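A.B. asks: CSV, C-alpha atoms and all ligand atoms, saved as my_file_11.csv, coming up:
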chain,number,residue,atom,x,y,z
A,1,MET,CA,5.9,-11.7,-19.4
A,2,SER,CA,6.0,-13.5,-16.0
A,3,LYS,CA,2.8,-14.8,-14.5
A,4,HIS,CA,3.0,-12.1,-11.8
A,5,GLN,CA,3.1,-9.1,-14.1
A,6,ILE,CA,0.4,-7.1,-15.7
A,7,SER,CA,1.0,-5.6,-19.1
A,8,ARG,CA,2.6,-2.2,-19.1
A,9,ARG,CA,-0.3,-0.7,-21.1
A,10,SER,CA,-2.8,-2.0,-18.6
A,11,ALA,CA,-0.6,-0.8,-15.7
A,12,LEU,CA,-0.6,2.7,-17.1
A,13,LYS,CA,-4.4,2.7,-17.3
A,14,LEU,CA,-4.8,1.5,-13.8
A,15,PHE,CA,-4.2,3.7,-10.9
A,16,GLY,CA,-1.9,6.6,-11.5
A,17,ALA,CA,-4.3,8.7,-13.5
A,18,ALA,CA,-7.5,7.1,-12.3
A,19,THR,CA,-10.0,9.4,-10.9
A,20,ALA,CA,-13.3,8.9,-9.1
A,21,THR,CA,-15.0,9.5,-12.4
A,22,LEU,CA,-13.1,6.8,-14.1
A,23,ALA,CA,-13.8,4.5,-11.1
A,24,MET,CA,-17.5,5.2,-11.3
A,25,GLY,CA,-17.5,4.9,-15.1
A,26,GLY,CA,-16.8,1.2,-15.2
A,27,ILE,CA,-14.4,-1.6,-15.1
A,28,VAL,CA,-10.9,-1.2,-16.3
A,29,PRO,CA,-9.8,-4.6,-17.6
A,30,ILE,CA,-6.3,-5.8,-16.7
A,31,THR,CA,-4.6,-9.1,-17.4
A,32,SER,CA,-4.6,-11.6,-14.5
A,33,CYS,CA,-1.6,-11.6,-12.1
A,34,SER,CA,-2.2,-15.2,-11.3
A,35,SER,CA,-2.3,-18.4,-13.4
A,36,ARG,CA,-5.9,-19.0,-12.7
A,37,LYS,CA,-8.2,-19.4,-15.7
A,38,GLU,CA,-9.6,-16.0,-16.3
A,39,GLN,CA,-13.2,-15.3,-15.8
A,40,LYS,CA,-14.4,-11.7,-16.1
A,41,LEU,CA,-15.9,-10.4,-12.9
A,42,SER,CA,-19.6,-10.1,-13.3
A,43,LYS,CA,-19.7,-7.6,-10.5
A,44,LYS,CA,-18.1,-4.2,-10.3
A,45,ARG,CA,-15.2,-4.3,-7.9
A,46,LEU,CA,-13.1,-1.3,-6.7
A,47,VAL,CA,-9.8,-2.0,-5.0
A,48,PHE,CA,-8.3,1.0,-3.1
A,49,PHE,CA,-4.7,0.5,-2.1
A,50,PHE,CA,-1.8,2.2,-0.5
A,51,SER,CA,1.7,0.7,-0.9
A,52,ALA,CA,5.2,1.9,-0.1
A,53,THR,CA,7.3,-1.0,-1.3
A,54,GLY,CA,4.9,-2.9,-3.5
A,55,ASN,CA,3.5,-5.7,-1.3
A,56,SER,CA,0.1,-4.2,-1.0
A,57,LEU,CA,0.2,-3.0,-4.7
A,58,TYR,CA,0.8,-6.6,-5.8
A,59,VAL,CA,-2.1,-7.9,-3.6
A,60,ALA,CA,-4.3,-5.2,-5.0
A,61,LYS,CA,-3.3,-6.2,-8.6
A,62,CYS,CA,-4.4,-9.8,-7.9
A,63,LEU,CA,-7.7,-8.7,-6.4
A,64,ALA,CA,-8.4,-6.4,-9.4
A,65,ALA,CA,-7.3,-8.9,-12.0
A,66,ASP,CA,-10.1,-10.3,-14.2
A,67,GLY,CA,-11.9,-7.0,-14.4
A,68,GLY,CA,-11.7,-5.0,-11.2
A,69,THR,CA,-10.5,-1.4,-10.9
A,70,MET,CA,-7.4,-0.4,-8.9
A,71,LEU,CA,-7.3,3.0,-7.3
A,72,SER,CA,-4.4,4.4,-5.5
A,73,ILE,CA,-5.3,6.1,-2.2
A,74,PRO,CA,-2.5,8.8,-2.5
A,75,GLN,CA,-3.9,9.7,-5.9
A,76,MET,CA,-7.5,9.6,-4.8
A,77,LEU,CA,-6.8,12.1,-2.1
A,78,LYS,CA,-6.3,14.7,-4.8
A,79,GLU,CA,-9.9,14.3,-5.8
A,80,LYS,CA,-12.8,16.4,-4.4
A,81,ASP,CA,-15.6,13.8,-4.9
A,82,LEU,CA,-14.8,10.7,-2.9
A,83,ASN,CA,-18.2,9.0,-3.0
A,84,PHE,CA,-18.0,5.5,-4.3
A,85,GLU,CA,-20.6,2.9,-5.2
A,86,ALA,CA,-19.9,-0.6,-6.5
A,87,ASP,CA,-20.9,-4.2,-5.9
A,88,GLU,CA,-17.7,-4.9,-4.1
A,89,ILE,CA,-15.3,-2.5,-2.5
A,90,GLY,CA,-11.9,-3.4,-1.0
A,91,LEU,CA,-9.1,-1.8,0.8
A,92,VAL,CA,-5.5,-3.1,0.7
A,93,TYR,CA,-2.8,-1.6,2.8
A,94,PRO,CA,0.3,-2.4,4.9
A,95,LYS,CA,-0.1,-2.9,8.6
A,96,TYR,CA,1.7,0.0,10.4
A,97,ARG,CA,0.9,-1.0,14.0
A,98,GLU,CA,-2.6,-0.1,12.9
A,99,ILE,CA,-4.0,1.7,9.8
A,100,PRO,CA,-1.6,4.0,8.0
A,101,GLU,CA,-2.3,7.7,8.4
A,102,ILE,CA,-2.9,8.2,4.7
A,103,VAL,CA,-5.5,5.4,4.6
A,104,LYS,CA,-7.2,6.9,7.7
A,105,GLU,CA,-7.3,10.3,5.9
A,106,PHE,CA,-8.9,8.7,2.9
A,107,LEU,CA,-11.5,6.9,5.1
A,108,THR,CA,-12.3,10.2,6.8
A,109,ARG,CA,-13.2,11.8,3.5
A,110,ALA,CA,-14.7,9.0,1.5
A,111,THR,CA,-18.1,7.4,1.5
A,112,PHE,CA,-18.8,3.9,0.3
A,113,LYS,CA,-21.9,2.1,-0.8
A,114,CYS,CA,-21.6,-1.6,-1.7
A,115,GLU,CA,-22.9,-5.1,-1.2
A,116,TYR,CA,-19.6,-6.5,0.0
A,117,PHE,CA,-16.8,-4.7,1.7
A,118,PHE,CA,-13.4,-6.3,2.3
A,119,GLY,CA,-10.0,-5.4,3.6
A,120,VAL,CA,-6.6,-7.1,3.1
A,121,LEU,CA,-3.6,-6.1,5.1
A,122,THR,CA,-0.1,-7.0,4.2
A,123,TYR,CA,2.3,-7.4,7.1
A,124,GLY,CA,5.8,-8.5,8.0
A,125,ARG,CA,5.6,-10.1,11.4
A,126,HIS,CA,2.2,-10.4,13.2
A,127,LEU,CA,-1.4,-9.4,12.8
A,128,ARG,CA,-3.0,-8.4,16.1
A,129,ASN,CA,-6.4,-6.9,16.5
A,130,ASP,CA,-6.2,-5.4,13.0
A,131,ALA,CA,-9.5,-6.8,11.7
A,132,GLN,CA,-11.4,-5.2,14.5
A,133,THR,CA,-9.5,-2.0,14.0
A,134,LEU,CA,-10.8,-1.8,10.4
A,135,VAL,CA,-14.3,-2.8,11.5
A,136,ASP,CA,-14.4,0.0,14.0
A,137,ALA,CA,-13.0,2.5,11.6
A,138,MET,CA,-15.6,1.6,9.0
A,139,LYS,CA,-18.4,1.6,11.5
A,140,GLU,CA,-17.9,5.4,11.7
A,141,ARG,CA,-18.4,5.5,7.9
A,142,LYS,CA,-21.6,3.4,8.3
A,143,VAL,CA,-20.0,0.5,6.4
A,144,LYS,CA,-20.3,-3.1,7.5
A,145,VAL,CA,-17.0,-4.9,6.9
A,146,ASP,CA,-17.6,-8.4,5.6
A,147,TYR,CA,-14.1,-9.8,5.3
A,148,VAL,CA,-10.6,-9.0,6.6
A,149,ASN,CA,-7.6,-11.1,6.0
A,150,GLY,CA,-3.8,-10.6,5.9
A,151,VAL,CA,-0.9,-11.7,3.8
A,152,LYS,CA,2.5,-12.2,5.5
A,153,MET,CA,5.2,-10.7,3.2
A,154,ALA,CA,8.6,-9.2,3.5
A,155,ASP,CA,8.8,-6.8,6.5
A,156,ASN,CA,10.0,-3.5,5.1
A,157,ARG,CA,11.0,-1.9,8.4
A,158,LEU,CA,14.6,-1.5,7.3
A,159,GLN,CA,15.7,0.0,10.5
A,160,ARG,CA,15.1,-3.3,12.3
A,161,PHE,CA,15.2,-6.0,9.6
A,162,ASP,CA,17.8,-6.8,6.9
A,163,MET,CA,16.0,-6.5,3.5
A,164,ALA,CA,18.2,-9.1,1.9
A,165,GLN,CA,17.1,-11.6,4.5
A,166,GLU,CA,13.5,-10.6,4.2
A,167,LEU,CA,13.6,-11.3,0.5
A,168,LYS,CA,15.2,-14.7,1.1
A,169,GLU,CA,12.8,-15.7,3.9
A,170,ASN,CA,9.5,-15.0,2.2
A,171,ASP,CA,8.6,-17.7,-0.2
A,172,PRO,CA,6.9,-16.3,-3.3
A,173,ASP,CA,4.9,-19.5,-3.9
A,174,LYS,CA,3.5,-19.4,-0.3
A,175,ILE,CA,2.6,-15.7,-0.8
A,176,ASP,CA,0.9,-16.4,-4.1
A,177,ALA,CA,-1.1,-19.3,-2.5
A,178,ALA,CA,-2.2,-17.1,0.3
A,179,ILE,CA,-3.3,-14.3,-2.1
A,180,ALA,CA,-5.1,-16.8,-4.4
A,181,ALA,CA,-7.1,-18.1,-1.4
A,182,ILE,CA,-8.1,-14.6,-0.5
A,183,VAL,CA,-9.2,-13.8,-4.1
A,184,LYS,CA,-11.3,-16.9,-4.0
A,185,ASP,CA,-12.9,-15.9,-0.6
A,186,VAL,CA,-13.7,-12.5,-1.9
A,187,GLU,CA,-15.3,-13.9,-5.1
A,188,ALA,CA,-17.5,-16.1,-2.9
A,189,HIS,CA,-18.4,-13.1,-0.7
A,190,LYS,CA,-17.1,-15.0,2.4
A,191,GLN,CA,-17.8,-13.6,5.8
A,192,TYR,CA,-14.6,-13.7,7.8
A,193,LEU,CA,-12.5,-11.6,10.1
A,194,VAL,CA,-9.0,-12.8,10.6
A,195,GLU,CA,-8.0,-13.4,14.3
A,196,GLY,CA,-4.6,-11.9,15.1
A,197,GLU,CA,-2.2,-13.0,17.8
A,198,GLU,CA,-2.6,-11.9,21.4
A,199,GLY,CA,-0.6,-9.0,22.9
A,200,GLY,CA,-1.3,-6.5,20.2
A,201,HIS,CA,-1.6,-2.8,20.5
A,202,HIS,CA,-4.8,-1.2,21.6
A,203,HIS,CA,-6.4,0.4,18.6
A,204,ALA,CA,-6.9,3.9,20.2
A,205,GLY,CA,-6.2,6.4,17.5
A,206,ALA,CA,-7.2,4.1,14.7
A,207,HIS,CA,-10.4,5.8,13.9
A,208,PRO,CA,-10.5,8.2,11.0
A,209,GLY,CA,-10.1,11.8,12.2
A,210,GLU,CA,-8.5,11.0,15.5
A,211,ALA,CA,-5.1,12.3,16.7
A,212,ARG,CA,-2.3,11.6,14.1
A,213,HIS,CA,0.4,10.3,16.3
A,214,HIS,CA,2.4,8.6,13.7
A,215,PHE,CA,3.6,11.5,11.7
A,216,VAL,CA,7.2,12.6,12.1
A,217,LYS,CA,9.3,15.3,10.5
A,218,ALA,CA,10.9,13.9,7.3
A,219,ASP,CA,14.2,15.8,7.9
A,220,GLU,CA,14.5,14.2,11.4
A,221,MET,CA,13.6,10.8,10.1
A,222,PHE,CA,16.2,10.7,7.3
A,223,GLU,CA,19.6,12.0,6.4
A,224,VAL,CA,20.3,12.3,2.7
A,225,THR,CA,24.0,11.5,2.2
A,226,ASP,CA,26.5,12.7,-0.4
A,227,ALA,CA,25.8,9.6,-2.5
A,228,CYS,CA,22.7,11.4,-3.8
A,229,ILE,CA,22.8,12.1,-7.5
A,230,GLY,CA,19.6,14.1,-7.6
A,231,CYS,CA,17.7,11.6,-9.8
A,232,GLY,CA,14.3,12.5,-8.2
A,233,ILE,CA,13.0,9.0,-7.6
A,234,CYS,CA,12.4,9.8,-3.9
A,235,GLU,CA,10.3,12.8,-5.0
A,236,TYR,CA,8.0,10.5,-7.0
A,237,VAL,CA,7.6,7.6,-4.7
A,238,CYS,CA,6.8,9.7,-1.6
A,239,PRO,CA,3.1,9.7,-1.0
A,240,ARG,CA,3.4,12.9,1.1
A,241,GLY,CA,5.5,14.9,-1.3
A,242,CYS,CA,8.3,15.3,1.3
A,243,TYR,CA,11.2,15.6,-1.2
A,244,SER,CA,12.5,18.4,-3.4
A,245,ILE,CA,15.7,18.4,-5.5
A,246,GLU,CA,17.9,21.4,-4.9
A,247,TYR,CA,21.2,21.7,-6.8
A,248,ASP,CA,21.1,18.0,-7.7
A,249,HIS,CA,20.6,17.0,-4.1
A,250,ALA,CA,17.5,15.7,-2.5
A,251,LYS,CA,16.1,17.6,0.5
A,252,ALA,CA,13.5,16.0,2.8
A,253,GLY,CA,11.0,18.2,4.6
A,254,GLY,CA,7.4,18.2,5.8
A,255,MET,CA,5.3,15.6,7.6
A,256,CYS,CA,6.4,12.0,7.0
A,257,GLU,CA,4.2,8.9,7.1
A,258,GLN,CA,7.2,6.7,7.9
A,259,CYS,CA,6.3,4.5,5.0
A,260,LEU,CA,10.0,4.1,3.9
A,261,ALA,CA,9.2,4.3,0.2
A,262,CYS,CA,11.9,6.9,-0.3
A,263,ALA,CA,14.7,5.0,1.5
A,264,GLN,CA,13.8,1.7,-0.1
A,265,ALA,CA,13.6,3.1,-3.6
A,266,CYS,CA,16.8,5.3,-3.7
A,267,PRO,CA,19.1,3.7,-6.2
A,268,GLN,CA,22.1,5.3,-4.5
A,269,LEU,CA,21.3,4.0,-1.0
A,270,ALA,CA,21.6,7.7,-0.1
A,271,ILE,CA,18.6,7.9,2.2
A,272,ALA,CA,19.7,6.8,5.7
A,273,PRO,CA,17.2,6.5,8.5
A,274,THR,CA,18.4,8.3,11.6
A,275,GLU,CA,17.2,5.6,13.9
A,276,GLY,CA,19.3,2.7,12.6
A,277,ASP,CA,19.7,0.7,9.4
A,278,ALA,CA,19.8,-3.1,9.7
A,279,ASN,CA,21.7,-3.4,6.4
A,280,PRO,CA,22.5,-0.1,4.7
A,281,LYS,CA,23.4,-2.0,1.5
A,282,ALA,CA,20.0,-3.8,1.1
A,283,ARG,CA,16.7,-2.3,0.1
A,284,TYR,CA,13.4,-3.9,-0.9
A,285,ARG,CA,10.7,-3.6,-3.5
A,286,ASN,CA,8.2,-6.4,-4.2
A,287,PRO,CA,9.6,-8.4,-7.1
A,288,ASN,CA,6.3,-8.3,-9.0
A,289,VAL,CA,6.1,-4.5,-8.9
A,290,SER,CA,8.0,-2.0,-10.9
A,291,LEU,CA,9.4,1.3,-9.6
A,292,ARG,CA,7.2,3.0,-12.2
A,293,GLU,CA,4.1,1.5,-10.7
A,294,LEU,CA,5.0,2.8,-7.3
A,295,GLU,CA,5.8,6.2,-8.7
A,296,ARG,CA,2.4,6.3,-10.5
A,297,ALA,CA,0.6,5.2,-7.3
A,298,ASN,CA,2.3,7.6,-4.9
A,299,SER,CA,3.7,10.7,-6.7
A,300,GLN,CA,2.3,14.0,-5.5
A,301,LYS,CA,4.0,15.7,-8.6
A,302,PRO,CA,3.0,15.2,-12.2
A,303,LEU,CA,5.1,12.4,-13.7
B,401,LIG,C1,5.9,2.3,9.7
B,401,LIG,C2,5.7,0.8,9.6
B,401,LIG,C3,5.2,0.1,10.6
B,401,LIG,C4,5.0,-1.3,10.5
B,401,LIG,N1,4.4,-2.0,11.5
B,401,LIG,C5,4.3,-3.3,11.3
B,401,LIG,C6,3.7,-4.1,12.4
B,401,LIG,O1,3.3,-3.5,13.5
B,401,LIG,N2,3.6,-5.4,12.2
B,401,LIG,C7,4.0,-6.0,11.1
B,401,LIG,O2,3.8,-7.3,11.0
B,401,LIG,N3,4.5,-5.4,10.1
B,401,LIG,C8,4.7,-4.0,10.2
B,401,LIG,N4,5.2,-3.3,9.1
B,401,LIG,C9,5.7,-4.0,7.9
B,401,LIG,C10,4.7,-3.8,6.7
B,401,LIG,O3,3.4,-3.9,7.2
B,401,LIG,C11,4.9,-4.8,5.6
B,401,LIG,O4,6.2,-4.9,5.2
B,401,LIG,C12,4.0,-4.5,4.4
B,401,LIG,O5,3.8,-5.7,3.6
B,401,LIG,C13,4.6,-3.4,3.5
B,401,LIG,O6,3.7,-3.2,2.5
B,401,LIG,P1,4.0,-2.3,1.2
B,401,LIG,O7,5.1,-3.0,0.5
B,401,LIG,O8,2.7,-2.4,0.4
B,401,LIG,O9,4.3,-0.9,1.6
B,401,LIG,C14,5.4,-1.9,9.3
B,401,LIG,C15,6.0,-1.2,8.2
B,401,LIG,C16,6.2,0.2,8.4
B,401,LIG,C17,6.9,1.0,7.3
B,402,LIG,S1,16.3,8.8,-4.9
B,402,LIG,FE1,18.3,8.9,-3.9
B,402,LIG,S2,19.8,9.5,-5.4
B,402,LIG,FE2,17.8,10.0,-6.2
B,402,LIG,S3,17.4,12.1,-5.6
B,402,LIG,FE3,16.5,10.8,-4.0
B,402,LIG,S4,18.1,10.7,-2.5
B,402,LIG,FE4,19.1,11.4,-4.4
B,403,LIG,S1,9.5,10.9,3.4
B,403,LIG,FE1,9.8,8.7,2.9
B,403,LIG,S2,9.0,7.7,4.7
B,403,LIG,FE2,8.2,9.8,4.8
B,403,LIG,S3,6.2,9.7,3.7
B,403,LIG,FE3,7.8,10.2,2.2
B,403,LIG,S4,8.4,8.3,1.3
B,403,LIG,FE4,7.3,7.8,3.2
Go ahead and express the file in the form of structure tokens.

C.D. replies:
Amino acid sequence: MSKHQISRRSALKLFGAATATLAMGGIVPITSCSSRKEQKLSKKRLVFFFSATGNSLYVAKCLAADGGTMLSIPQMLKEKDLNFEADEIGLVYPKYREIPEIVKEFLTRATFKCEYFFGVLTYGRHLRNDAQTLVDAMKERKVKVDYVNGVKMADNRLQRFDMAQELKENDPDKIDAAIAAIVKDVEAHKQYLVEGEEGGHHHAGAHPGEARHHFVKADEMFEVTDACIGCGICEYVCPRGCYSIEYDHAKAGGMCEQCLACAQACPQLAIAPTEGDANPKARYRNPNVSLRELERANSQKPL
């Protein structure tokens, strides 16, 4: 097993079937995703995550290694009781200009009680005022944010960027070093808000419950080509349940988060974004994350 992987048995226990009850019930042990000498967390840590192509899932695994609990936000949204209490609570998600809609929805419904609250964003190009955006969003939940940092990883916006190039250009050792530094910071309860670059987007609309201007219609966002073999992977990786299989052909419908999980995961390269495709032959998934892990994290249908 590579140093980046967790055992399959542990992965199955982790996030797909996890419920708020399980989260409150205690720590789910997993093997470390890093080569650090293991030391079981003495504190209870919950790591909530959303991930379309595995970058944020990998970071969440590293933060939950050594005894934390990973909880998938798309799965959590199926639960009624979203009141969480732990020593440390963290949120890991990809930067989508600001906070992904699905994460905002979770923040709108959930309450958190903890000693230390942290956020880690994965991003492909630049961080802007993202730390402040999260601080403001959490203020509405009456939660003080102690730490926000980011990890630059492959940029999964396949309309604009060639995924083959993104894989080549993002050095896994550099990424692991950045994640290890964040894990250390969180363990030390460091107080820190990462400063982004100038010229960012204003964070209007970033607060939970505000206008949802990033949803689009799935059937307008993508065309499913004749290459589709009806395998159903898109159904399982979509966190919004936008796909159904009819007569062995996938059909997109409903409100889409624009996360690109479907197009990136299709083994037939049959999901074509209508607004361009930098390299229709190249798709991306974080090399430390399996398709099964993404399905378990995102599926809105029983697996
Ligand atoms: C809809 C969308 C918007 C994005 N916006 C930004 C952005 O504004 N800045 C940036 O650096 N990366 C942006 N990205 C890239 C992702 O944040 C990045 O690839 C992230 O690591 C993907 O995480 P995941 O693999 O966990 O889904 C965007 C990606 C998507 C799908
Ligand atoms: S993942 Fe691709 S091939 Fe499989 S059902 Fe969806 S569109 Fe078709
Ligand atoms: S249709 Fe594709 S891009 Fe839209 S929410 Fe589902 S997986 Fe994400």

A.B. asks: Residues of chain A within 6 Å of ligand LIG 403 (chain B): nearest atom pair and distance (Å, one decimal) for each, counting all atoms listed in the file, sorted by chain and number, as a tab-separated table?

C.D. replies:
residue	atom	partner	partner_atom	distance
A:Ala218	CA	B:LIG403	S1	5.1
A:Cys238	CA	B:LIG403	S4	3.6
A:Pro239	CA	B:LIG403	S3	5.6
A:Arg240	CA	B:LIG403	S3	5.0
A:Cys242	CA	B:LIG403	S1	5.0
A:Cys256	CA	B:LIG403	FE2	3.6
A:Glu257	CA	B:LIG403	S3	4.0
A:Gln258	CA	B:LIG403	S2	3.8
A:Cys259	CA	B:LIG403	FE4	3.9
A:Leu260	CA	B:LIG403	S2	3.8
A:Ala261	CA	B:LIG403	S4	4.2
A:Cys262	CA	B:LIG403	S4	4.1

A.B. asks: Write out as a VMD selection string each polymer residue (protein, DNA or RNA) that has an atom no more than 8 Å from ligand LIG 402 (chain B), with only C-alpha atoms and all ligand atoms counted.

C.D. replies: chain A and resid 224 to 225 227 to 235 243 245 248 to 251 262 to 263 265 to 271

A.B. asks: Which residues are near ligand LIG 401 (chain B) in this structure, taking near to mean any atom at most 10 Å from a ligand atom and counting all atoms listed in the file? Format them as a PyMOL selection string.

C.D. replies: chain A and resi 49-60+92-101+121-128+130+150-159+161+166+200-201+214-215+257-261+264+284-286+289+294

A.B. asks: Residues within 10 Å of Lys142 (chain A), please, as a list in words. Count all atoms listed in the file; anything in the same chain fewer than 6 positions from it doesn't count.

C.D. replies: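 In the requested form, the answer reads Thr111, Phe112, Lys113 and Asp136 of chain A.
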
A.B. asks: Please report the interatomic distance between CA of Gly68 (chain A) and CA of Ala181 (chain A) in Å with one decimal.

C.D. replies: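 That distance, rounded to one decimal, is 17.0 Å.
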
A.B. asks: Do you have the CA of Ala282 (chain A)-CA of Arg160 (chain A) distance handy?

C.D. replies: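 Answer for the CA of Ala282 (chain A) to CA of Arg160 (chain A) separation: 12.2 Å.
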
A.B. asks: Which protein, DNA or RNA residues have an atom at most 6 Å from (-10.5, -7.8, 7.1), counting all atoms listed in the file? List them as a PyMOL selection string.

C.D. replies: chain A and resi 118-120+131+147-149+193

A.B. asks: Find the axis-aligned box for region 245-259 of chain A, covering all its listed atoms and adding 5 Å on each side, and write its centre and edge lengths in Å to one decimal as AutoDock Vina command-line options.

C.D. replies:
--center_x 12.7 --center_y 13.1 --center_z 0.1 --size_x 27.0 --size_y 27.2 --size_z 25.6

A.B. asks: When you count only C-alpha atoms, which of these residues is closest to Ile73 (chain A): A:Leu46, A:Val216, A:Ile175, A:Ala86?

C.D. replies: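 Answer, going by the shortest atom-to-atom distance: A:Leu46.
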
A.B. asks: Report, in Å with one decimal, the straight-line distance from CA of Glu223 (chain A) to CA of Ser290 (chain A).

C.D. replies: 25.1 Å

A.B. asks: Please return as a list of chain:residue names every residue within 6 Å of (3.7, 15.6, -4.4), taking into account all atoms listed in the file and the file's own coordinates.

C.D. replies: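 Selection result: A:Gly241, A:Ser299, A:Gln300, A:Lys301.
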
A.B. asks: Pick from A:Lys168, A:Arg283, A:Lys144, A:Lys184: nearest to Cys114 (chain A), with all atoms listed in the file counted?

C.D. replies: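 Residue with the minimum atom-to-atom distance to Cys114 (chain A): A:Lys144.
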
A.B. asks: Identify which of the residues A:Asn83, A:Ile182, A:Lys104, A:Ala188 lies closest to Cys62 (chain A), counting all atoms listed in the file when measuring atom-to-atom distances.

C.D. replies: A:Ile182

A.B. asks: Have a look at A:Ala278, A:Leu303, A:Ala272, A:Thr108 and name the one nearest to Gln165 (chain A); count all atoms listed in the file.

C.D. replies: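 Going through A:Ala278, A:Leu303, A:Ala272, A:Thr108 one by one, the smallest distance to Gln165 (chain A) is for A:Ala278.
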
A.B. asks: Please determine, counting all atoms listed in the file, which residue among A:Lys43, A:Leu63, A:Gly254, A:Thr133 has the shortest atom-to-atom distance to Asp219 (chain A).

C.D. replies: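 Closest candidate: A:Gly254.
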
A.B. asks: Which is closer to Ala180 (chain A) than all the others in A:Lys61, A:Asp162, A:Pro302, A:Arg292, using all atoms listed in the file?

C.D. replies: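 With all atoms listed in the file as the atom set, the closest residue is A:Lys61.
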
A.B. asks: What's around Tyr116 (chain A) at 8 Å? Count all atoms listed in the file, leave out sequence neighbours fewer than 2 positions away in its own chain, and write the answer as a PyMOL selection string.

C.D. replies: chain A and resi 87-89+114+118+145-146+189

A.B. asks: Please write the residues from the selection above to a file, keeping C-alpha atoms, as a compact mmCIF listing (two decimals), keeping the file's coordinate frame.

C.D. replies:
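Final file, result-v3.txt:
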# COMPACT_ATOMS: atom_id res chain seq x y z
CA ASP A 87 -20.90 -4.20 -5.90
CA GLU A 88 -17.70 -4.90 -4.10
CA ILE A 89 -15.30 -2.50 -2.50
CA CYS A 114 -21.60 -1.60 -1.70
CA PHE A 118 -13.40 -6.30 2.30
CA VAL A 145 -17.00 -4.90 6.90
CA ASP A 146 -17.60 -8.40 5.60
CA HIS A 189 -18.40 -13.10 -0.70

A.B. asks: If I only have part of region 255-267 of chain A, can you fill in N, CA and C atoms and write it as a CSV table (one decimal), in the coordinates of the input?

C.D. replies:
chain,number,residue,atom,x,y,z
A,255,MET,N,5.8,16.7,6.7
A,255,MET,CA,5.3,15.6,7.6
A,255,MET,C,5.4,14.3,6.9
A,256,CYS,N,6.0,13.3,7.6
A,256,CYS,CA,6.4,12.0,7.0
A,256,CYS,C,5.5,10.9,7.6
A,257,GLU,N,5.0,10.1,6.7
A,257,GLU,CA,4.2,8.9,7.1
A,257,GLU,C,5.0,7.8,7.7
A,258,GLN,N,6.3,7.8,7.5
A,258,GLN,CA,7.2,6.7,7.9
A,258,GLN,C,7.1,5.5,7.1
A,259,CYS,N,6.6,5.6,5.9
A,259,CYS,CA,6.3,4.5,5.0
A,259,CYS,C,7.6,3.8,4.5
A,260,LEU,N,8.7,4.6,4.4
A,260,LEU,CA,10.0,4.1,3.9
A,260,LEU,C,10.1,4.0,2.4
A,261,ALA,N,9.1,4.4,1.7
A,261,ALA,CA,9.2,4.3,0.2
A,261,ALA,C,10.4,4.9,-0.3
A,262,CYS,N,10.8,6.1,0.2
A,262,CYS,CA,11.9,6.9,-0.3
A,262,CYS,C,13.2,6.1,-0.1
A,263,ALA,N,13.5,5.7,1.2
A,263,ALA,CA,14.7,5.0,1.5
A,263,ALA,C,14.8,3.7,0.7
A,264,GLN,N,13.7,3.0,0.6
A,264,GLN,CA,13.8,1.7,-0.1
A,264,GLN,C,14.0,1.9,-1.6
A,265,ALA,N,13.5,3.0,-2.2
A,265,ALA,CA,13.6,3.1,-3.6
A,265,ALA,C,14.9,3.8,-4.1
A,266,CYS,N,15.6,4.5,-3.2
A,266,CYS,CA,16.8,5.3,-3.7
A,266,CYS,C,17.8,4.3,-4.3
A,267,PRO,N,18.2,4.6,-5.6
A,267,PRO,CA,19.1,3.7,-6.2
A,267,PRO,C,20.6,3.8,-5.7
